Amino acid sequence: MNPQKTNGLSRRSLLASAGAFGAASLAYPRMAISQDGKILTVRSYSDLQLLDPAFRLSLPEEDIIRAIYPPLIEPVAGDVWQWKMVAAASIEQLDGLTVAFTLKDNMGFTDGYGEVTADDVKFSIERIADPANESPYAGDWSALKEVEVKDRLSGLIHLKNKFVPLWTTTLPTPASCIVSRKAVEEIGGKIETTPVAQSGQYLLTEWVPKQRTILKRNPDWAHEPGGFEEIHIIPIEDPATAERGFEAGDLDYTWTSVSSLPRLKESPPAGSVVLEKPSLAYVWLGMNKDNEALKDVRIRRAIQHAIDREVVVDAAYFGAASVGNGIIAPGLPGNRDSVTYDYDPDRARELLAEAGAEGLSVTLDILNQTERLTAAQVIQANLADVGINCEIKQNDSGTFWSLGSKEGDYFLELQLVLGRYSMQPDPSWATVWFTPEQIGVWNWERFDSAEYKELHEAGLVESDPAKRDEIYKKMQALMDESGCYVFLTHEVVGAIHKDTIEPGLKPNGESLLADFKPA
Amino acid sequence: MLNYAVKRLGLAVAIVSVAMFLLFCMIYLVPGDPASVALGPRATDAMKEALRVKMGLDQPIWVQFWNFFSGAWTGDLGQEVLSGRPVLDVVLEQLPFTLALIAGGITWSVAIGIPLGCWAAINRGSFADRLVGILSVAVIAVPSFVIAIYALLIFSVSLRWLPAIGAGEPGHLGDQIVHLILPSLAVGLGWVGYIARMVRASMLEVLEASHIRTARAFGLPENMITYRYALTIAILPTITLLGVGIGQMLSSAVFAEIVFARPGVGKLVYDAILTRNFPVVTGAVLVTTVIFVLLNLVADLIVGALDPRVRSSF
């Protein structure tokens with residue numbers, strides 16, 4: 001089936017529509033989409049590009065993929081990180097290296113590809129793990145040895161070594177979504193924008209590029225149905241545009257920008273509910289230790305002491321976000337209450353004098369977004385207060401995300417950078433980007449610590465929560481000591497929805513489309 | 001006339017070639033690694049390198065330029081970076097929305113601008129004339145995105161008369177027209193001022209012409225003189241102006257498409273630049289440049305056909 005729809009107009013439809021238009025526009029000035037409560041209209045921040053669980057590119061695609069290719073398990077909507085079974089009828093960890101699963105019966109693929117079997121699970125997981133396929137998500141299954149098929153619906157996932165994030169950031173994600181071996185092999189091994197052999201709670205029935213994606217309930221799904229008959233996903237990159245679309249009644253749910261939260265909370269549009277969820281993302285000021293001007297750790301330490309993090313975060317997020325003390329968000333092992341080197345401008349001045357760096361000039365690269373610019377301006381003022389002249393350089397996203405790349409020509413010129421990475425509910429997802437292997441890839445501060453790397457690897461196999469907590473706190477302390485980081489915030493996620501719906505959201509505010517329900 | 005048309009066509013080809021060469025130079029100078037941006041943080045070095053090769057970025061710029069142009073002549077604008085879809089298909093999917101937006105903008109500007117210009121000319125020196133003059137400058141001076149946002153806040157958010165986002169139900173013309181009203185107003189309103197002023201000036205000149213005085217002497221009705229004999233001549237410069245105006249409307253369309261979350265070539269190019277999806281950028285810019293040049297060519301040929309002085313001066 002090819003759900004892509006074109007916009008061809010026939011003379012017949014043109015004449016018919018034109019005739020109806022006059023009357024319709026008078027008698028029915030607003031074409032409400034979700035008027036009957038059966039259709040949910042939500043915004044996504046980007047259009048779909050790839051529907052393959054092994055090659056997905058963005059969160060909005062994950063939403064769709066999870067709806068049409070059921071994962072073994074997925075997060076539970078609510079405020080606590082838990083998981084529930086979707087394709088799995090049962091799943092359990094037999095020992096540190098083995099997970100047993102049994103699929104629900106009566107799950108079938110569309111387009112005549114038969115039932116969903118344990119062999120499809122084997123295919124779906126092993127194709128992600130196989131280095132030959134070059135899946136960006138191979139790391140999720142880096143501990144995989146093989147998937148053993150026991151019978152039609154049952155199998156065993158064998159691991160080479162213990163892998164604690166398996167239950168938090170691998171299995172409950174599209175990394176466990178099931179695709180049809182036969183269908184995917186027939187199309188050459190990769191699903192692009194046309195889904196094949198769908199089997200989830202919903203079916204992707206229409207994709208009009210840059211306009212909308214429509215999911216309809218799968219009539220053959222014999223288990224818990226999705227909350228709405230249809231879900232219309234509208235790609236709107238700009239959050240302000242989405243907010244206006246919501247206020248005009250064109251959307252049922254959207255994320256909002258953090259800067260809009262105070263206004264929306266103070267005077268929410270009639271019939272709407274404003275939500276504020278804690279984010280897992282982390283924002284920090286990074287310092288490139290290999291840059292000539294920042295090589296002396298005393299200068300980096302002075303900058304750590306110069307920044308009033310409370311003021312930066314308050315100004316940038318309009319009081320909606322609180323200060324973060326590391327890269328690991330509250331609620332996860334390794335979250336900290338404080339940083340080692342906090343705001344102390346007198347100490348900053350002393351350190352600069354010791355280093356002979358009075359009158360230092362630095363550049364601060366940021367992404368051209370409102371929150372970042374405001375944060376950068378406060379940082380600039382803080383630095384000026386201790387005698388450092390700071391020039392802010394705004395970059396578009398394409399430029400910004402290549403600044404520290406070793407393949408570019410700017411990575412050694414980079415001095416200060418305001419970074420923000422998103423996160424999954426396991427601390428290893430935060431720490432992985434700062435290992436020595438990531439220098440010049442995503443570790444732009446060029447922080448180089450063998451001890452940090454050892455701790456990162458230890459954290460992946462340590463199942464005792466107390467010991468994990470200790471490991472990840474120690475790693476962030478090493479980051480503090482390097483003088484390369486000023487941790488700012490974990491932000492908040494803002495969302496707004498009509499009071500006629502009950503949104504299905506993960507604890508960090510990310511959506512679970514099938515869990516949206518009429519209120 | 002044939003000689004004139006051939007010369008104008010040659011000029012059009014030269015304009016497209018130079019525009020595309022400049023675009024390639026700009027793309028070459030733009031910072032940021034397209035492969036890293038497209039593939040995201042989890043891509044390995046090998047994956048990024050493979051994508052660079054696929055995009056032809058490992059080739060010298062003149063090879064990239066030659067490959068693009070030699071393909072473009074045969075209708076092959078390359079493939080979209082990640083999905084592998086033909087760029088021509090991607091652009092043609094979006095093109096009708098932008099053309100509809102510009103057509104809507106022209107409709108607004110002509111439907112309001114020409115009567116206003118005529119009215120001002122007929123009532124030269126009156127309060128109404130001065131009011132039209134002030135309004136014309138005002139709408140020219142206000143950027144289209146400001147008009148777009150205010151129109152949206154008033155008619156969509158506050159009054160809820162018109163939709164705020166999207167292009168309407170695919171295949172449902174009535175809904176698509178409703179979705180077109182505000183964006184096309186935002187695109188076209190500035191041109192109301194240009195056209196009103198142009199028509200007014202042109203009408204004043206024509207109304208003084210000897211054939212109009214003769215018509216009056218014969219006692220023809222004033223409306224007939226104004227609209228049949230004066231306006232048909234006075235409107236000629238407006239056609240040329242609209243030809244140029246389409247280029248500016250194309251750039252205004254980007255703002256309208258973003259503010260109203262409409263699909264369209266402008267937004268396609270904007271998104272593609274942010275994601276360094278260069279095949280889409282070059283393909284879309286080529287298509288829009290060709291359209292712009294062709295429309296100008298048509299406008300020039302129409303004026304040339306109507307006015308022999310233009311033909312002889314070329």
# chains A, B, ... in the order shown; residues from 1 in each chain; ligands from 1
$ residues_around --residues "region 201-209 of chain A" --least-positions-apart "4" --cutoff "9 Å" --atoms "only C-alpha atoms" --output "PyMOL selection string"
(chain A and resi 1-7+47-48+64+66-70+110+193-195+213-226+229-231+514) or (chain B and resi 90+93-94+170+263)
$ interface_residues --of "chain B" --to "chain A" --cutoff "9 Å" --atoms "only C-alpha atoms" --output "MDAnalysis selection string"
chainID B and resid 30:34 36:47 82:84 90 93:94 96 152:153 155:168 170:175 177:178 258:264 268 273:276
$ select_by_dssp --residues "region 256-406 of chain A" --states "strand (DSSP E)" --output "PyMOL selection string"
chain A and resi 256+272-278+282-287+361-367+389-395
$ write_last_selection --atoms "C-alpha atoms" --output "JSON list (two decimals), in the first residue's frame"
[["chain", "number", "residue", "atom", "x", "y", "z"],
["A", 256, "THR", "CA", 4.94, 24.95, 23.60],
["A", 272, "SER", "CA", -7.47, 24.14, 27.44],
["A", 273, "VAL", "CA", -5.03, 22.71, 29.94],
["A", 274, "VAL", "CA", -1.41, 23.85, 30.20],
["A", 275, "LEU", "CA", 1.13, 21.23, 31.30],
["A", 276, "GLU", "CA", 4.63, 21.61, 32.59],
["A", 277, "LYS", "CA", 6.75, 18.45, 32.71],
["A", 278, "PRO", "CA", 10.31, 17.97, 33.91],
["A", 282, "TYR", "CA", 20.61, 19.14, 29.93],
["A", 283, "VAL", "CA", 22.03, 22.53, 29.11],
["A", 284, "TRP", "CA", 25.56, 23.57, 29.90],
["A", 285, "LEU", "CA", 28.28, 26.07, 29.11],
["A", 286, "GLY", "CA", 31.20, 24.15, 27.64],
["A", 287, "MET", "CA", 34.84, 25.25, 27.43],
["A", 361, "SER", "CA", 38.53, 38.01, 25.39],
["A", 362, "VAL", "CA", 36.56, 34.90, 24.45],
["A", 363, "THR", "CA", 33.84, 33.92, 22.02],
["A", 364, "LEU", "CA", 30.64, 32.11, 22.96],
["A", 365, "ASP", "CA", 28.95, 30.12, 20.21],
["A", 366, "ILE", "CA", 25.22, 29.51, 20.56],
["A", 367, "LEU", "CA", 22.31, 28.21, 18.53],
["A", 389, "ASN", "CA", 35.17, 40.26, 27.40],
["A", 390, "CYS", "CA", 32.79, 37.82, 25.71],
["A", 391, "GLU", "CA", 31.57, 38.01, 22.12],
["A", 392, "ILE", "CA", 28.39, 36.05, 21.35],
["A", 393, "LYS", "CA", 28.26, 34.25, 18.01],
["A", 394, "GLN", "CA", 24.84, 33.04, 16.91],
["A", 395, "ASN", "CA", 24.66, 30.09, 14.53]]
$ residues_around --residues "Met479 (chain A)" --least-positions-apart "5" --cutoff "9 Å" --atoms "only C-alpha atoms" --output "count of residues only"
8
$ residues_around --residues "Leu297 (chain B)" --least-positions-apart "3" --cutoff "9 Å" --atoms "only C-alpha atoms" --output "number ranges by chain"
B: 5, 8-9, 12, 243, 292-294, 300-302
$ atom_distance --atom1 "CA of Gly440 (chain A)" --atom2 "CA of Gly404 (chain A)"
5.8 Å
$ residues_around --residues "Ile114 (chain B)" --least-positions-apart "6" --cutoff "12 Å" --atoms "only C-alpha atoms" --output "PDB file with C-alpha atoms, in the first residue's frame"
ATOM      1  CA  ILE B 106      -1.745  38.835  -6.960  1.00  0.00           C
ATOM      2  CA  THR B 107      -5.518  38.551  -6.790  1.00  0.00           C
ATOM      3  CA  TRP B 108      -5.637  40.600  -3.601  1.00  0.00           C
ATOM      4  CA  ALA B 120      -7.395  58.200  -6.647  1.00  0.00           C
ATOM      5  CA  ALA B 121      -6.621  59.307 -10.196  1.00  0.00           C
ATOM      6  CA  VAL B 132      -5.067  56.392  -0.861  1.00  0.00           C
ATOM      7  CA  SER B 136      -0.398  52.837  -0.210  1.00  0.00           C
ATOM      8  CA  TRP B 191       1.572  45.056  -3.526  1.00  0.00           C
ATOM      9  CA  VAL B 192      -1.779  46.778  -3.202  1.00  0.00           C
ATOM     10  CA  GLY B 193       0.185  49.940  -2.460  1.00  0.00           C
ATOM     11  CA  TYR B 194       2.609  49.516  -5.347  1.00  0.00           C
ATOM     12  CA  ILE B 195      -0.163  48.809  -7.820  1.00  0.00           C
ATOM     13  CA  ALA B 196      -2.425  51.600  -6.590  1.00  0.00           C
ATOM     14  CA  ARG B 197       0.380  54.124  -6.955  1.00  0.00           C
ATOM     15  CA  MET B 198       1.441  52.787 -10.330  1.00  0.00           C
ATOM     16  CA  VAL B 199      -2.123  52.754 -11.691  1.00  0.00           C
ATOM     17  CA  ARG B 200      -2.796  56.241 -10.330  1.00  0.00           C
ATOM     18  CA  ALA B 201       0.304  57.729 -11.944  1.00  0.00           C
ATOM     19  CA  SER B 202      -0.314  55.934 -15.199  1.00  0.00           C
ATOM     20  CA  MET B 203      -4.005  56.874 -15.260  1.00  0.00           C
ATOM     21  CA  TYR B 227     -12.377  51.933 -17.733  1.00  0.00           C
ATOM     22  CA  LEU B 231      -7.458  51.928 -17.866  1.00  0.00           C
ATOM     23  CA  THR B 232      -6.641  49.449 -20.643  1.00  0.00           C
ATOM     24  CA  ALA B 234      -2.754  52.656 -17.993  1.00  0.00           C
ATOM     25  CA  ILE B 235      -2.604  49.067 -16.800  1.00  0.00           C
ATOM     26  CA  LEU B 236       0.338  48.105 -19.044  1.00  0.00           C
ATOM     27  CA  PRO B 237       3.109  49.183 -16.624  1.00  0.00           C
ATOM     28  CA  THR B 238       1.311  47.200 -13.913  1.00  0.00           C
ATOM     29  CA  ILE B 239       1.825  43.989 -15.865  1.00  0.00           C
TER      30      ILE B 239
END
$ select_by_dssp --residues "region 169-326 of chain A" --states "helix (DSSP H, G or I)" --output "ChimeraX atom specification"
/A:169-170,174-176,181-186,239-247,258-266,292-294,297-306,309-317
$ decode --residues "region 82-236 of chain B" --atoms "C-alpha atoms" --output "PDB file, in the first residue's frame"
ATOM      1  CA  LEU B  82      17.802  10.690   3.280  1.00  0.00           C
ATOM      2  CA  SER B  83      14.635   9.337   1.741  1.00  0.00           C
ATOM      3  CA  GLY B  84      16.173   8.977  -1.711  1.00  0.00           C
ATOM      4  CA  ARG B  85      13.071  10.494  -3.332  1.00  0.00           C
ATOM      5  CA  PRO B  86      13.677  12.388  -6.587  1.00  0.00           C
ATOM      6  CA  VAL B  87      14.146  16.091  -5.848  1.00  0.00           C
ATOM      7  CA  LEU B  88      11.952  17.040  -8.787  1.00  0.00           C
ATOM      8  CA  ASP B  89       9.053  15.112  -7.212  1.00  0.00           C
ATOM      9  CA  VAL B  90       9.681  16.728  -3.835  1.00  0.00           C
ATOM     10  CA  VAL B  91       9.705  20.214  -5.389  1.00  0.00           C
ATOM     11  CA  LEU B  92       6.699  19.619  -7.631  1.00  0.00           C
ATOM     12  CA  GLU B  93       4.689  18.404  -4.633  1.00  0.00           C
ATOM     13  CA  GLN B  94       5.245  21.741  -2.937  1.00  0.00           C
ATOM     14  CA  LEU B  95       5.115  24.010  -5.967  1.00  0.00           C
ATOM     15  CA  PRO B  96       1.301  24.192  -6.365  1.00  0.00           C
ATOM     16  CA  PHE B  97       0.983  25.550  -2.835  1.00  0.00           C
ATOM     17  CA  THR B  98       3.435  28.358  -3.496  1.00  0.00           C
ATOM     18  CA  LEU B  99       1.911  29.161  -6.874  1.00  0.00           C
ATOM     19  CA  ALA B 100      -1.535  29.235  -5.288  1.00  0.00           C
ATOM     20  CA  LEU B 101      -0.214  31.550  -2.592  1.00  0.00           C
ATOM     21  CA  ILE B 102       1.302  33.913  -5.148  1.00  0.00           C
ATOM     22  CA  ALA B 103      -1.806  33.776  -7.329  1.00  0.00           C
ATOM     23  CA  GLY B 104      -3.852  34.622  -4.244  1.00  0.00           C
ATOM     24  CA  GLY B 105      -1.477  37.469  -3.421  1.00  0.00           C
ATOM     25  CA  ILE B 106      -1.745  38.835  -6.960  1.00  0.00           C
ATOM     26  CA  THR B 107      -5.518  38.551  -6.790  1.00  0.00           C
ATOM     27  CA  TRP B 108      -5.637  40.600  -3.601  1.00  0.00           C
ATOM     28  CA  SER B 109      -3.207  43.199  -4.929  1.00  0.00           C
ATOM     29  CA  VAL B 110      -4.945  43.567  -8.312  1.00  0.00           C
ATOM     30  CA  ALA B 111      -8.491  43.420  -6.944  1.00  0.00           C
ATOM     31  CA  ILE B 112      -7.795  46.160  -4.420  1.00  0.00           C
ATOM     32  CA  GLY B 113      -4.896  48.055  -5.977  1.00  0.00           C
ATOM     33  CA  ILE B 114      -6.328  48.785  -9.422  1.00  0.00           C
ATOM     34  CA  PRO B 115      -9.698  50.198  -8.259  1.00  0.00           C
ATOM     35  CA  LEU B 116      -7.923  52.230  -5.581  1.00  0.00           C
ATOM     36  CA  GLY B 117      -5.458  53.647  -8.115  1.00  0.00           C
ATOM     37  CA  CYS B 118      -8.261  54.503 -10.545  1.00  0.00           C
ATOM     38  CA  TRP B 119     -10.324  56.104  -7.814  1.00  0.00           C
ATOM     39  CA  ALA B 120      -7.395  58.200  -6.647  1.00  0.00           C
ATOM     40  CA  ALA B 121      -6.621  59.307 -10.196  1.00  0.00           C
ATOM     41  CA  ILE B 122     -10.206  60.259 -10.956  1.00  0.00           C
ATOM     42  CA  ASN B 123     -10.359  62.211  -7.691  1.00  0.00           C
ATOM     43  CA  ARG B 124      -6.939  63.741  -8.048  1.00  0.00           C
ATOM     44  CA  GLY B 125      -6.004  66.180  -5.284  1.00  0.00           C
ATOM     45  CA  SER B 126      -9.019  65.296  -3.164  1.00  0.00           C
ATOM     46  CA  PHE B 127      -8.985  63.954   0.372  1.00  0.00           C
ATOM     47  CA  ALA B 128      -9.652  60.488  -1.033  1.00  0.00           C
ATOM     48  CA  ASP B 129      -6.567  60.763  -3.263  1.00  0.00           C
ATOM     49  CA  ARG B 130      -4.394  61.757  -0.328  1.00  0.00           C
ATOM     50  CA  LEU B 131      -5.848  58.974   1.821  1.00  0.00           C
ATOM     51  CA  VAL B 132      -5.067  56.392  -0.861  1.00  0.00           C
ATOM     52  CA  GLY B 133      -1.527  57.786  -1.078  1.00  0.00           C
ATOM     53  CA  ILE B 134      -1.013  57.420   2.671  1.00  0.00           C
ATOM     54  CA  LEU B 135      -2.517  53.926   2.751  1.00  0.00           C
ATOM     55  CA  SER B 136      -0.398  52.837  -0.210  1.00  0.00           C
ATOM     56  CA  VAL B 137       2.851  53.876   1.448  1.00  0.00           C
ATOM     57  CA  ALA B 138       1.715  52.343   4.727  1.00  0.00           C
ATOM     58  CA  VAL B 139       1.046  48.882   3.279  1.00  0.00           C
ATOM     59  CA  ILE B 140       4.281  49.007   1.261  1.00  0.00           C
ATOM     60  CA  ALA B 141       6.245  49.860   4.383  1.00  0.00           C
ATOM     61  CA  VAL B 142       4.854  47.127   6.650  1.00  0.00           C
ATOM     62  CA  PRO B 143       6.709  43.816   6.199  1.00  0.00           C
ATOM     63  CA  SER B 144       4.602  40.890   5.064  1.00  0.00           C
ATOM     64  CA  PHE B 145       5.405  38.783   8.135  1.00  0.00           C
ATOM     65  CA  VAL B 146       4.017  41.515  10.394  1.00  0.00           C
ATOM     66  CA  ILE B 147       0.819  41.574   8.364  1.00  0.00           C
ATOM     67  CA  ALA B 148       0.739  37.775   8.517  1.00  0.00           C
ATOM     68  CA  ILE B 149       1.040  37.591  12.278  1.00  0.00           C
ATOM     69  CA  TYR B 150      -1.512  40.311  12.970  1.00  0.00           C
ATOM     70  CA  ALA B 151      -3.980  38.898  10.453  1.00  0.00           C
ATOM     71  CA  LEU B 152      -3.585  35.517  12.090  1.00  0.00           C
ATOM     72  CA  LEU B 153      -4.041  36.867  15.616  1.00  0.00           C
ATOM     73  CA  ILE B 154      -7.152  38.824  14.649  1.00  0.00           C
ATOM     74  CA  PHE B 155      -8.956  36.545  12.216  1.00  0.00           C
ATOM     75  CA  SER B 156      -7.850  33.141  13.492  1.00  0.00           C
ATOM     76  CA  VAL B 157      -7.005  33.365  17.173  1.00  0.00           C
ATOM     77  CA  SER B 158      -9.356  36.122  18.291  1.00  0.00           C
ATOM     78  CA  LEU B 159     -12.331  35.911  15.924  1.00  0.00           C
ATOM     79  CA  ARG B 160     -11.794  32.297  14.858  1.00  0.00           C
ATOM     80  CA  TRP B 161     -13.177  33.055  11.419  1.00  0.00           C
ATOM     81  CA  LEU B 162     -10.315  31.559   9.472  1.00  0.00           C
ATOM     82  CA  PRO B 163      -7.880  28.693  10.065  1.00  0.00           C
ATOM     83  CA  ALA B 164      -4.437  29.475  11.413  1.00  0.00           C
ATOM     84  CA  ILE B 165      -2.347  26.662  10.037  1.00  0.00           C
ATOM     85  CA  GLY B 166      -2.068  24.311   7.107  1.00  0.00           C
ATOM     86  CA  ALA B 167      -3.218  24.309   3.519  1.00  0.00           C
ATOM     87  CA  GLY B 168      -6.579  22.620   3.925  1.00  0.00           C
ATOM     88  CA  GLU B 169      -7.894  19.161   3.193  1.00  0.00           C
ATOM     89  CA  PRO B 170      -6.088  17.649   0.204  1.00  0.00           C
ATOM     90  CA  GLY B 171      -8.508  17.497  -2.729  1.00  0.00           C
ATOM     91  CA  HIS B 172     -11.053  19.773  -1.039  1.00  0.00           C
ATOM     92  CA  LEU B 173     -10.856  23.028  -2.978  1.00  0.00           C
ATOM     93  CA  GLY B 174     -13.221  24.993  -0.739  1.00  0.00           C
ATOM     94  CA  ASP B 175     -11.181  24.194   2.357  1.00  0.00           C
ATOM     95  CA  GLN B 176      -7.963  24.967   0.528  1.00  0.00           C
ATOM     96  CA  ILE B 177      -9.275  28.390  -0.518  1.00  0.00           C
ATOM     97  CA  VAL B 178     -10.347  29.154   3.047  1.00  0.00           C
ATOM     98  CA  HIS B 179      -6.832  28.258   4.181  1.00  0.00           C
ATOM     99  CA  LEU B 180      -5.408  30.515   1.474  1.00  0.00           C
ATOM    100  CA  ILE B 181      -7.214  33.727   2.444  1.00  0.00           C
ATOM    101  CA  LEU B 182      -4.950  34.977   5.220  1.00  0.00           C
ATOM    102  CA  PRO B 183      -1.578  33.849   3.844  1.00  0.00           C
ATOM    103  CA  SER B 184      -2.308  35.326   0.416  1.00  0.00           C
ATOM    104  CA  LEU B 185      -3.482  38.565   2.020  1.00  0.00           C
ATOM    105  CA  ALA B 186      -0.178  38.735   3.890  1.00  0.00           C
ATOM    106  CA  VAL B 187       1.742  38.158   0.662  1.00  0.00           C
ATOM    107  CA  GLY B 188      -0.328  40.476  -1.514  1.00  0.00           C
ATOM    108  CA  LEU B 189      -1.212  43.412   0.716  1.00  0.00           C
ATOM    109  CA  GLY B 190       2.105  45.205   0.221  1.00  0.00           C
ATOM    110  CA  TRP B 191       1.572  45.056  -3.526  1.00  0.00           C
ATOM    111  CA  VAL B 192      -1.779  46.778  -3.202  1.00  0.00           C
ATOM    112  CA  GLY B 193       0.185  49.940  -2.460  1.00  0.00           C
ATOM    113  CA  TYR B 194       2.609  49.516  -5.347  1.00  0.00           C
ATOM    114  CA  ILE B 195      -0.163  48.809  -7.820  1.00  0.00           C
ATOM    115  CA  ALA B 196      -2.425  51.600  -6.590  1.00  0.00           C
ATOM    116  CA  ARG B 197       0.380  54.124  -6.955  1.00  0.00           C
ATOM    117  CA  MET B 198       1.441  52.787 -10.330  1.00  0.00           C
ATOM    118  CA  VAL B 199      -2.123  52.754 -11.691  1.00  0.00           C
ATOM    119  CA  ARG B 200      -2.796  56.241 -10.330  1.00  0.00           C
ATOM    120  CA  ALA B 201       0.304  57.729 -11.944  1.00  0.00           C
ATOM    121  CA  SER B 202      -0.314  55.934 -15.199  1.00  0.00           C
ATOM    122  CA  MET B 203      -4.005  56.874 -15.260  1.00  0.00           C
ATOM    123  CA  LEU B 204      -3.217  60.549 -14.688  1.00  0.00           C
ATOM    124  CA  GLU B 205      -0.914  60.479 -17.685  1.00  0.00           C
ATOM    125  CA  VAL B 206      -3.401  58.654 -19.909  1.00  0.00           C
ATOM    126  CA  LEU B 207      -6.357  60.810 -18.826  1.00  0.00           C
ATOM    127  CA  GLU B 208      -4.506  63.815 -20.249  1.00  0.00           C
ATOM    128  CA  ALA B 209      -3.909  62.086 -23.587  1.00  0.00           C
ATOM    129  CA  SER B 210      -5.483  63.487 -26.758  1.00  0.00           C
ATOM    130  CA  HIS B 211      -7.607  60.403 -27.497  1.00  0.00           C
ATOM    131  CA  ILE B 212      -9.248  60.701 -24.075  1.00  0.00           C
ATOM    132  CA  ARG B 213      -9.946  64.373 -24.649  1.00  0.00           C
ATOM    133  CA  THR B 214     -11.451  63.434 -28.012  1.00  0.00           C
ATOM    134  CA  ALA B 215     -13.631  60.802 -26.369  1.00  0.00           C
ATOM    135  CA  ARG B 216     -14.869  63.380 -23.897  1.00  0.00           C
ATOM    136  CA  ALA B 217     -15.546  65.801 -26.743  1.00  0.00           C
ATOM    137  CA  PHE B 218     -17.706  63.150 -28.372  1.00  0.00           C
ATOM    138  CA  GLY B 219     -19.697  62.977 -25.151  1.00  0.00           C
ATOM    139  CA  LEU B 220     -18.918  59.368 -24.218  1.00  0.00           C
ATOM    140  CA  PRO B 221     -19.900  58.402 -20.669  1.00  0.00           C
ATOM    141  CA  GLU B 222     -17.129  59.064 -18.130  1.00  0.00           C
ATOM    142  CA  ASN B 223     -17.128  55.465 -16.862  1.00  0.00           C
ATOM    143  CA  MET B 224     -16.608  54.167 -20.379  1.00  0.00           C
ATOM    144  CA  ILE B 225     -13.761  56.616 -20.940  1.00  0.00           C
ATOM    145  CA  THR B 226     -12.103  55.703 -17.658  1.00  0.00           C
ATOM    146  CA  TYR B 227     -12.377  51.933 -17.733  1.00  0.00           C
ATOM    147  CA  ARG B 228     -12.464  51.100 -21.450  1.00  0.00           C
ATOM    148  CA  TYR B 229     -10.144  53.709 -22.955  1.00  0.00           C
ATOM    149  CA  ALA B 230      -7.901  54.933 -20.135  1.00  0.00           C
ATOM    150  CA  LEU B 231      -7.458  51.928 -17.866  1.00  0.00           C
ATOM    151  CA  THR B 232      -6.641  49.449 -20.643  1.00  0.00           C
ATOM    152  CA  ILE B 233      -3.628  51.576 -21.518  1.00  0.00           C
ATOM    153  CA  ALA B 234      -2.754  52.656 -17.993  1.00  0.00           C
ATOM    154  CA  ILE B 235      -2.604  49.067 -16.800  1.00  0.00           C
ATOM    155  CA  LEU B 236       0.338  48.105 -19.044  1.00  0.00           C
TER     156      LEU B 236
END
